[in-house]
$ cat protein_2.pdb   # PDB, C-alpha atoms and all ligand atoms
ATOM      1  CA  MET A   1     123.733 141.932 155.863
ATOM      2  CA  PRO A   2     125.137 145.194 154.426
ATOM      3  CA  GLU A   3     126.366 145.148 150.819
ATOM      4  CA  PHE A   4     130.043 145.763 150.067
ATOM      5  CA  ALA A   5     131.908 146.504 146.825
ATOM      6  CA  ALA A   6     134.743 144.266 148.056
ATOM      7  CA  GLN A   7     133.881 141.550 150.544
ATOM      8  CA  PRO A   8     135.401 142.185 154.000
ATOM      9  CA  VAL A   9     137.814 139.607 155.351
ATOM     10  CA  PRO A  10     136.393 137.307 158.036
ATOM     11  CA  PRO A  11     136.914 138.139 161.713
ATOM     12  CA  MET A  12     140.386 137.033 162.652
ATOM     13  CA  ARG A  13     142.728 136.627 165.576
ATOM     14  CA  ILE A  14     146.138 138.219 165.071
ATOM     15  CA  ALA A  15     148.854 137.497 167.598
ATOM     16  CA  PHE A  16     150.878 140.617 168.343
ATOM     17  CA  ASP A  17     154.342 140.305 169.901
ATOM     18  CA  ALA A  18     155.444 143.792 170.886
ATOM     19  CA  ALA A  19     158.938 142.729 171.990
ATOM     20  CA  ALA A  20     159.687 140.838 168.776
ATOM     21  CA  ALA A  21     157.755 143.369 166.621
ATOM     22  CA  THR A  22     155.836 140.634 164.806
ATOM     23  CA  LEU A  23     152.257 139.941 163.731
ATOM     24  CA  SER A  24     150.992 136.412 163.187
ATOM     25  CA  PRO A  25     149.563 135.438 160.787
ATOM     26  CA  GLU A  26     151.609 137.744 158.599
ATOM     27  CA  GLY A  27     150.625 139.453 155.372
ATOM     28  CA  PRO A  28     153.020 141.185 152.941
ATOM     29  CA  THR A  29     156.378 142.542 154.149
ATOM     30  CA  LEU A  30     157.965 145.620 152.597
ATOM     31  CA  THR A  31     161.708 146.242 152.836
ATOM     32  CA  ARG A  32     163.189 149.636 152.022
ATOM     33  CA  ARG A  33     166.889 149.908 151.371
ATOM     34  CA  MET A  34     168.917 153.109 151.104
ATOM     35  CA  SER A  35     168.540 153.050 147.306
ATOM     36  CA  ASP A  36     164.745 153.346 147.767
ATOM     37  CA  LEU A  37     165.142 156.684 149.598
ATOM     38  CA  GLU A  38     166.337 158.892 146.729
ATOM     39  CA  GLY A  39     165.737 162.618 147.160
ATOM     40  CA  LEU A  40     164.893 162.419 150.854
ATOM     41  CA  PHE A  41     168.165 163.107 152.709
ATOM     42  CA  ALA A  42     169.541 166.661 152.542
ATOM     43  CA  ASP A  43     173.054 165.363 151.792
ATOM     44  CA  HIS A  44     172.551 163.754 148.372
ATOM     45  CA  ASP A  45     176.226 162.767 148.046
ATOM     46  CA  ALA A  46     176.185 160.917 151.364
ATOM     47  CA  TRP A  47     172.939 159.220 150.318
ATOM     48  CA  ARG A  48     174.429 158.147 146.954
ATOM     49  CA  ASP A  49     177.606 156.794 148.585
ATOM     50  CA  ALA A  50     175.500 154.684 150.958
ATOM     51  CA  ALA A  51     173.075 153.531 148.248
ATOM     52  CA  GLU A  52     175.866 152.599 145.836
ATOM     53  CA  GLY A  53     177.950 151.066 148.625
ATOM     54  CA  GLU A  54     176.480 148.610 151.092
ATOM     55  CA  ASN A  55     172.916 149.745 150.342
ATOM     56  CA  PRO A  56     171.698 148.825 153.844
ATOM     57  CA  VAL A  57     168.136 147.975 154.817
ATOM     58  CA  VAL A  58     166.845 151.167 156.467
ATOM     59  CA  TYR A  59     163.400 149.886 157.487
ATOM     60  CA  SER A  60     160.897 147.118 156.996
ATOM     61  CA  VAL A  61     157.114 147.022 157.318
ATOM     62  CA  VAL A  62     155.367 143.789 158.324
ATOM     63  CA  SER A  63     151.611 143.710 157.729
ATOM     64  CA  SER A  64     148.775 141.597 159.033
ATOM     65  CA  PRO A  65     146.606 139.843 156.412
ATOM     66  CA  VAL A  66     143.928 142.589 156.574
ATOM     67  CA  PRO A  67     143.990 144.158 153.089
ATOM     68  CA  GLU A  68     144.340 147.826 152.146
ATOM     69  CA  GLU A  69     140.756 148.128 150.973
ATOM     70  CA  ASP A  70     138.025 150.623 151.686
ATOM     71  CA  ARG A  71     136.352 150.110 155.090
ATOM     72  CA  GLU A  72     138.964 147.581 156.268
ATOM     73  CA  LEU A  73     141.339 148.548 159.090
ATOM     74  CA  PRO A  74     144.822 147.161 158.277
ATOM     75  CA  GLN A  75     147.715 147.060 160.751
ATOM     76  CA  SER A  76     151.452 146.957 160.235
ATOM     77  CA  ILE A  77     154.666 147.098 162.266
ATOM     78  CA  THR A  78     157.509 149.273 160.991
ATOM     79  CA  THR A  79     161.038 148.691 162.258
ATOM     80  CA  ILE A  80     163.613 151.386 161.450
ATOM     81  CA  GLN A  81     167.280 150.467 161.903
ATOM     82  CA  PRO A  82     169.560 152.869 163.784
ATOM     83  CA  GLY A  83     171.853 155.042 161.691
ATOM     84  CA  THR A  84     172.531 158.411 160.111
ATOM     85  CA  THR A  85     173.252 159.617 156.578
ATOM     86  CA  GLY A  86     174.979 162.980 156.285
ATOM     87  CA  GLY A  87     174.140 163.580 159.959
ATOM     88  CA  GLU A  88     170.421 162.961 159.408
ATOM     89  CA  PHE A  89     168.768 160.150 161.347
ATOM     90  CA  TRP A  90     167.392 157.217 159.367
ATOM     91  CA  MET A  91     163.728 157.604 158.647
ATOM     92  CA  THR A  92     160.779 156.435 156.594
ATOM     93  CA  LYS A  93     160.010 158.012 153.228
ATOM     94  CA  GLY A  94     156.958 159.743 154.659
ATOM     95  CA  HIS A  95     153.638 160.175 152.926
ATOM     96  CA  GLN A  96     150.290 161.865 152.878
ATOM     97  CA  HIS A  97     147.044 159.876 152.865
ATOM     98  CA  PRO A  98     145.304 161.302 149.801
ATOM     99  CA  ASN A  99     141.842 160.560 151.147
ATOM    100  CA  HIS A 100     142.791 162.553 154.253
ATOM    101  CA  GLN A 101     142.082 160.028 156.954
ATOM    102  CA  GLY A 102     143.489 159.692 160.453
ATOM    103  CA  GLU A 103     145.912 157.030 161.641
ATOM    104  CA  ILE A 104     147.310 155.838 164.974
ATOM    105  CA  TYR A 105     150.806 154.681 165.867
ATOM    106  CA  LEU A 106     151.783 152.785 169.026
ATOM    107  CA  GLY A 107     155.445 152.782 170.060
ATOM    108  CA  LEU A 108     156.771 149.251 170.704
ATOM    109  CA  HIS A 109     160.554 149.325 170.996
ATOM    110  CA  GLY A 110     163.420 151.799 170.929
ATOM    111  CA  ALA A 111     163.436 155.577 170.698
ATOM    112  CA  GLY A 112     161.834 157.332 167.790
ATOM    113  CA  GLY A 113     159.788 160.254 166.686
ATOM    114  CA  LEU A 114     156.731 161.015 164.622
ATOM    115  CA  LEU A 115     157.254 164.058 162.408
ATOM    116  CA  MET A 116     154.088 165.564 160.925
ATOM    117  CA  PHE A 117     153.647 168.409 158.434
ATOM    118  CA  ASP A 118     150.436 169.875 157.048
ATOM    119  CA  GLY A 119     152.142 172.086 154.454
ATOM    120  CA  GLU A 120     152.643 174.937 156.948
ATOM    121  CA  ARG A 121     152.958 173.619 160.478
ATOM    122  CA  THR A 122     155.337 170.958 161.823
ATOM    123  CA  GLU A 123     154.562 168.740 164.807
ATOM    124  CA  TRP A 124     156.883 166.290 166.540
ATOM    125  CA  ILE A 125     155.895 163.535 168.968
ATOM    126  CA  ASP A 126     158.549 161.667 170.968
ATOM    127  CA  MET A 127     157.732 157.986 170.488
ATOM    128  CA  ALA A 128     158.636 155.279 173.004
ATOM    129  CA  PRO A 129     157.061 151.969 174.041
ATOM    130  CA  GLY A 130     153.487 152.594 175.194
ATOM    131  CA  VAL A 131     153.074 155.989 173.504
ATOM    132  CA  ILE A 132     150.216 156.477 171.031
ATOM    133  CA  GLY A 133     150.901 159.045 168.319
ATOM    134  CA  TYR A 134     147.784 160.332 166.614
ATOM    135  CA  ILE A 135     148.021 161.526 163.007
ATOM    136  CA  PRO A 136     145.015 163.682 162.103
ATOM    137  CA  PRO A 137     143.632 163.747 158.540
ATOM    138  CA  GLY A 138     145.706 165.969 156.236
ATOM    139  CA  TRP A 139     149.034 165.684 158.080
ATOM    140  CA  ALA A 140     151.890 164.059 156.144
ATOM    141  CA  HIS A 141     153.899 161.794 158.443
ATOM    142  CA  ARG A 142     157.400 160.392 158.699
ATOM    143  CA  SER A 143     158.971 158.238 161.413
ATOM    144  CA  VAL A 144     162.548 158.681 162.591
ATOM    145  CA  ASN A 145     164.826 156.460 164.679
ATOM    146  CA  VAL A 146     166.689 158.794 167.060
ATOM    147  CA  GLY A 147     168.241 156.019 169.153
ATOM    148  CA  ASP A 148     171.012 153.481 168.762
ATOM    149  CA  GLU A 149     168.829 150.367 168.563
ATOM    150  CA  PRO A 150     165.963 149.450 166.193
ATOM    151  CA  TYR A 151     162.811 151.551 166.639
ATOM    152  CA  SER A 152     159.471 149.737 166.086
ATOM    153  CA  PHE A 153     155.869 150.880 166.114
ATOM    154  CA  LEU A 154     152.460 149.504 165.251
ATOM    155  CA  ALA A 155     150.317 151.471 162.760
ATOM    156  CA  VAL A 156     146.535 151.131 162.331
ATOM    157  CA  TYR A 157     144.938 153.011 159.444
ATOM    158  CA  PRO A 158     141.889 153.025 157.157
ATOM    159  CA  GLY A 159     142.375 150.583 154.299
ATOM    160  CA  GLY A 160     141.117 153.039 151.681
ATOM    161  CA  ALA A 161     143.398 155.901 152.728
ATOM    162  CA  GLY A 162     146.022 155.403 149.987
ATOM    163  CA  HIS A 163     149.683 156.525 150.166
ATOM    164  CA  ASP A 164     150.958 159.637 148.359
ATOM    165  CA  TYR A 165     154.771 159.745 148.421
ATOM    166  CA  GLY A 166     155.042 162.474 145.762
ATOM    167  CA  TRP A 167     153.518 165.016 148.159
ATOM    168  CA  VAL A 168     156.553 164.733 150.475
ATOM    169  CA  LEU A 169     159.030 164.955 147.591
ATOM    170  CA  GLU A 170     157.276 168.131 146.455
ATOM    171  CA  HIS A 171     156.523 169.835 149.784
ATOM    172  CA  GLY A 172     159.111 168.326 152.155
ATOM    173  CA  MET A 173     158.352 167.613 155.787
ATOM    174  CA  GLY A 174     158.857 171.058 157.335
ATOM    175  CA  HIS A 175     161.931 170.052 159.363
ATOM    176  CA  ARG A 176     164.793 167.582 159.344
ATOM    177  CA  VAL A 177     165.976 165.489 162.281
ATOM    178  CA  ILE A 178     169.719 165.896 162.799
ATOM    179  CA  ALA A 179     172.084 164.013 165.118
ATOM    180  CA  GLY A 180     173.910 166.168 167.683
ATOM    181  CA  ASP A 181     176.205 165.704 170.656
ATOM    182  CA  SER A 182     173.230 165.306 172.982
ATOM    183  CA  GLY A 183     170.632 163.457 170.981
ATOM    184  CA  PHE A 184     168.740 165.065 168.128
ATOM    185  CA  SER A 185     167.551 168.448 166.955
ATOM    186  CA  LEU A 186     165.028 169.633 164.398
ATOM    187  CA  THR A 187     166.357 171.971 161.721
ATOM    188  CA  ASP A 188     164.777 173.805 158.820
ATOM    189  CA  TYR A 189     164.042 171.748 155.723
ATOM    190  CA  THR A 190     166.743 173.074 153.401
ATOM    191  CA  ARG A 191     167.365 170.996 150.340
TER
HETATM  192  C1  LIG B 201     150.783 153.647 156.742
HETATM  193  C2  LIG B 201     151.636 153.924 157.938
HETATM  194  C3  LIG B 201     152.929 153.128 158.046
HETATM  195  C4  LIG B 201     154.001 153.509 157.011
HETATM  196  C5  LIG B 201     155.337 152.838 157.300
HETATM  197  C6  LIG B 201     156.405 153.091 156.236
HETATM  198  O1  LIG B 201     150.086 154.576 156.321
HETATM  199  O2  LIG B 201     150.749 152.520 156.233
HETATM  200  O3  LIG B 201     151.873 155.292 158.039
HETATM  201  O4  LIG B 201     152.677 151.755 157.992
HETATM  202  O5  LIG B 201     153.555 153.198 155.718
HETATM  203  O6  LIG B 201     155.821 153.295 158.531
HETATM  204  O7  LIG B 201     156.523 154.451 155.934
HETATM  205  P1  LIG B 201     156.416 154.954 154.433
HETATM  206  O8  LIG B 201     155.085 154.408 153.918
HETATM  207  O9  LIG B 201     156.416 156.431 154.515
HETATM  208  O10 LIG B 201     157.544 154.362 153.672
HETATM  209 NI    NI B 202     150.319 156.559 157.027
END

$ encode --input "protein_2.pdb" --output "structure tokens" --more "lines below"
Ligand code: 6PG
Ligand code: NI
Amino acid sequence: MPEFAAQPVPPMRIAFDAAAATLSPEGPTLTRRMSDLEGLFADHDAWRDAAEGENPVVYSVVSSPVPEEDRELPQSITTIQPGTTGGEFWMTKGHQHPNHQGEIYLGLHGAGGLLMFDGERTEWIDMAPGVIGYIPPGWAHRSVNVGDEPYSFLAVYPGGAGHDYGWVLEHGMGHRVIAGDSGFSLTDYTR
């Protein structure tokens, strides 16, 4: 038997319902409301009005019981609600994995996008049910709901990767995803 600093969890069966966007058994669930997204939307006044008003749930992240520990491989399902703030589609905070490790997303429901930024280059992947989006090490990533129904995806990532949210606040994400007459467009990241 190999030796581990933290004991791995036992092998487990996790039921995955793509249509309902659930994992069972379930681990921790994270809910992010508008007030949790300070400094991310270009239109700060529109963000403040929404955060101080109804303060809606923008997205939630349901995890399996596999822990975020080195050498484990946790999974989670993110569901982003449809909506815009100051013309910008609702989105996740976005982060960099400080240990620079890769991650995969699998689209489950709705219409979304995977925005990636390495500090210089921006990449965008249209996400839909059945699409795998691959995030290479060193690319910050943010998910965006560009449709009018909830957008859900499964994420699988190394448990020791960590989450650096400050990197995105400092460097931005290269582009913003703006609602237009015919869907969405990517614009420069002006603050
Ligand atoms: C991860 C995944 C993913 C992400 C959520 C919420 O590394 O765990 O990228 O599960 O955390 O989609 O996005 P934020 O972490 O940017 O809020
Ligand atoms: Ni990630």

$ atom_distance --input "protein_2.pdb" --atom1 "CA of Asp17 in chain A" --atom2 "CA of Asp126 in chain A"
21.8 Å

$ axis_aligned_box --input "protein_2.pdb" --around "ligand LIG 201 (chain B)" --padding-each-side "4 Å" --output "lines of an AutoDock Vina configuration file"
center_x = 153.8
center_y = 154.1
center_z = 156.1
size_x = 15.5
size_y = 12.7
size_z = 12.9

$ residues_around --input "protein_2.pdb" --residues "range 145-150 of chain A" --least-positions-apart "5" --cutoff "7 Å" --atoms "all atoms listed in the file" --output "list in words"
Thr79, Ile80, Gln81, Pro82, Phe89, Trp90, Met91, Gly110, Ala111, Gly112, Gly113 and Phe184 of chain A

$ resolve_selection --input "protein_2.pdb" --expression "the PyMOL selection byres (((chain A and resi 75) around 6) and not hetatm)" --output "list in words"
Ser63, Ser64, Pro74, Ser76, Ala155 and Val156 of chain A

$ residues_near_ligand --input "protein_2.pdb" --ligand "ligand LIG 201 (chain B)" --cutoff "10 Å" --atoms "only C-alpha atoms and all ligand atoms" --output "number ranges by chain"
A: 30-32, 36-37, 59-63, 68, 74-80, 91-97, 101-105, 114, 135, 140-144, 152-159, 161-165, 168

$ write_last_selection --input "protein_2.pdb" --atoms "C-alpha atoms" --output "mmCIF file, keeping the file's coordinate frame"
data_model
loop_
_atom_site.group_PDB
_atom_site.id
_atom_site.type_symbol
_atom_site.label_atom_id
_atom_site.label_comp_id
_atom_site.auth_asym_id
_atom_site.auth_seq_id
_atom_site.Cartn_x
_atom_site.Cartn_y
_atom_site.Cartn_z
ATOM 1 C CA LEU A 30 157.965 145.620 152.597
ATOM 2 C CA THR A 31 161.708 146.242 152.836
ATOM 3 C CA ARG A 32 163.189 149.636 152.022
ATOM 4 C CA ASP A 36 164.745 153.346 147.767
ATOM 5 C CA LEU A 37 165.142 156.684 149.598
ATOM 6 C CA TYR A 59 163.400 149.886 157.487
ATOM 7 C CA SER A 60 160.897 147.118 156.996
ATOM 8 C CA VAL A 61 157.114 147.022 157.318
ATOM 9 C CA VAL A 62 155.367 143.789 158.324
ATOM 10 C CA SER A 63 151.611 143.710 157.729
ATOM 11 C CA GLU A 68 144.340 147.826 152.146
ATOM 12 C CA PRO A 74 144.822 147.161 158.277
ATOM 13 C CA GLN A 75 147.715 147.060 160.751
ATOM 14 C CA SER A 76 151.452 146.957 160.235
ATOM 15 C CA ILE A 77 154.666 147.098 162.266
ATOM 16 C CA THR A 78 157.509 149.273 160.991
ATOM 17 C CA THR A 79 161.038 148.691 162.258
ATOM 18 C CA ILE A 80 163.613 151.386 161.450
ATOM 19 C CA MET A 91 163.728 157.604 158.647
ATOM 20 C CA THR A 92 160.779 156.435 156.594
ATOM 21 C CA LYS A 93 160.010 158.012 153.228
ATOM 22 C CA GLY A 94 156.958 159.743 154.659
ATOM 23 C CA HIS A 95 153.638 160.175 152.926
ATOM 24 C CA GLN A 96 150.290 161.865 152.878
ATOM 25 C CA HIS A 97 147.044 159.876 152.865
ATOM 26 C CA GLN A 101 142.082 160.028 156.954
ATOM 27 C CA GLY A 102 143.489 159.692 160.453
ATOM 28 C CA GLU A 103 145.912 157.030 161.641
ATOM 29 C CA ILE A 104 147.310 155.838 164.974
ATOM 30 C CA TYR A 105 150.806 154.681 165.867
ATOM 31 C CA LEU A 114 156.731 161.015 164.622
ATOM 32 C CA ILE A 135 148.021 161.526 163.007
ATOM 33 C CA ALA A 140 151.890 164.059 156.144
ATOM 34 C CA HIS A 141 153.899 161.794 158.443
ATOM 35 C CA ARG A 142 157.400 160.392 158.699
ATOM 36 C CA SER A 143 158.971 158.238 161.413
ATOM 37 C CA VAL A 144 162.548 158.681 162.591
ATOM 38 C CA SER A 152 159.471 149.737 166.086
ATOM 39 C CA PHE A 153 155.869 150.880 166.114
ATOM 40 C CA LEU A 154 152.460 149.504 165.251
ATOM 41 C CA ALA A 155 150.317 151.471 162.760
ATOM 42 C CA VAL A 156 146.535 151.131 162.331
ATOM 43 C CA TYR A 157 144.938 153.011 159.444
ATOM 44 C CA PRO A 158 141.889 153.025 157.157
ATOM 45 C CA GLY A 159 142.375 150.583 154.299
ATOM 46 C CA ALA A 161 143.398 155.901 152.728
ATOM 47 C CA GLY A 162 146.022 155.403 149.987
ATOM 48 C CA HIS A 163 149.683 156.525 150.166
ATOM 49 C CA ASP A 164 150.958 159.637 148.359
ATOM 50 C CA TYR A 165 154.771 159.745 148.421
ATOM 51 C CA VAL A 168 156.553 164.733 150.475
#

$ atom_distance --input "protein_2.pdb" --atom1 "CA of Pro25 in chain A" --atom2 "CA of Pro8 in chain A"
17.1 Å

$ residues_around --input "protein_2.pdb" --residues "Asp43 in chain A" --least-positions-apart "6" --cutoff "12 Å" --atoms "all atoms listed in the file" --output "short mmCIF file (atom, residue, chain, number, x, y, z; two decimals) with C-alpha atoms, in the frame of the given file"
data_model
loop_
_atom_site.label_atom_id
_atom_site.label_comp_id
_atom_site.auth_asym_id
_atom_site.auth_seq_id
_atom_site.Cartn_x
_atom_site.Cartn_y
_atom_site.Cartn_z
CA LEU A 37 165.14 156.68 149.60
CA ASP A 49 177.61 156.79 148.58
CA ALA A 50 175.50 154.68 150.96
CA THR A 84 172.53 158.41 160.11
CA THR A 85 173.25 159.62 156.58
CA GLY A 86 174.98 162.98 156.28
CA GLY A 87 174.14 163.58 159.96
CA GLU A 88 170.42 162.96 159.41
CA PHE A 89 168.77 160.15 161.35
CA ARG A 176 164.79 167.58 159.34
CA ILE A 178 169.72 165.90 162.80
CA TYR A 189 164.04 171.75 155.72
CA THR A 190 166.74 173.07 153.40
CA ARG A 191 167.36 171.00 150.34
#

$ resolve_selection --input "protein_2.pdb" --expression "the PyMOL selection byres (((chain A and resi 138) around 6) and not hetatm)" --output "count of residues only"
3

$ closest_residue --input "protein_2.pdb" --among "A:Leu186, A:Ala5, A:Leu115, A:Ala128" --to "ligand NI 202 (chain B)" --atoms "only C-alpha atoms and all ligand atoms"
A:Leu115

$ resolve_selection --input "protein_2.pdb" --expression "the PyMOL selection byres (((chain A and resi 6) around 12) and not hetatm)" --output "list in words"
Pro2, Glu3, Phe4, Ala5, Gln7, Pro8, Val9, Pro67, Glu68, Glu69, Asp70, Arg71, Glu72, Gly159 and Gly160 of chain A

$ atom_distance --input "protein_2.pdb" --atom1 "CA of Leu73 in chain A" --atom2 "CA of Ala21 in chain A"
18.8 Å

$ residues_near_point --input "protein_2.pdb" --point "(167.6, 148.8, 152.7)" --cutoff "6 Å" --atoms "all atoms listed in the file" --output "number ranges by chain"
A: 32-34, 55-58
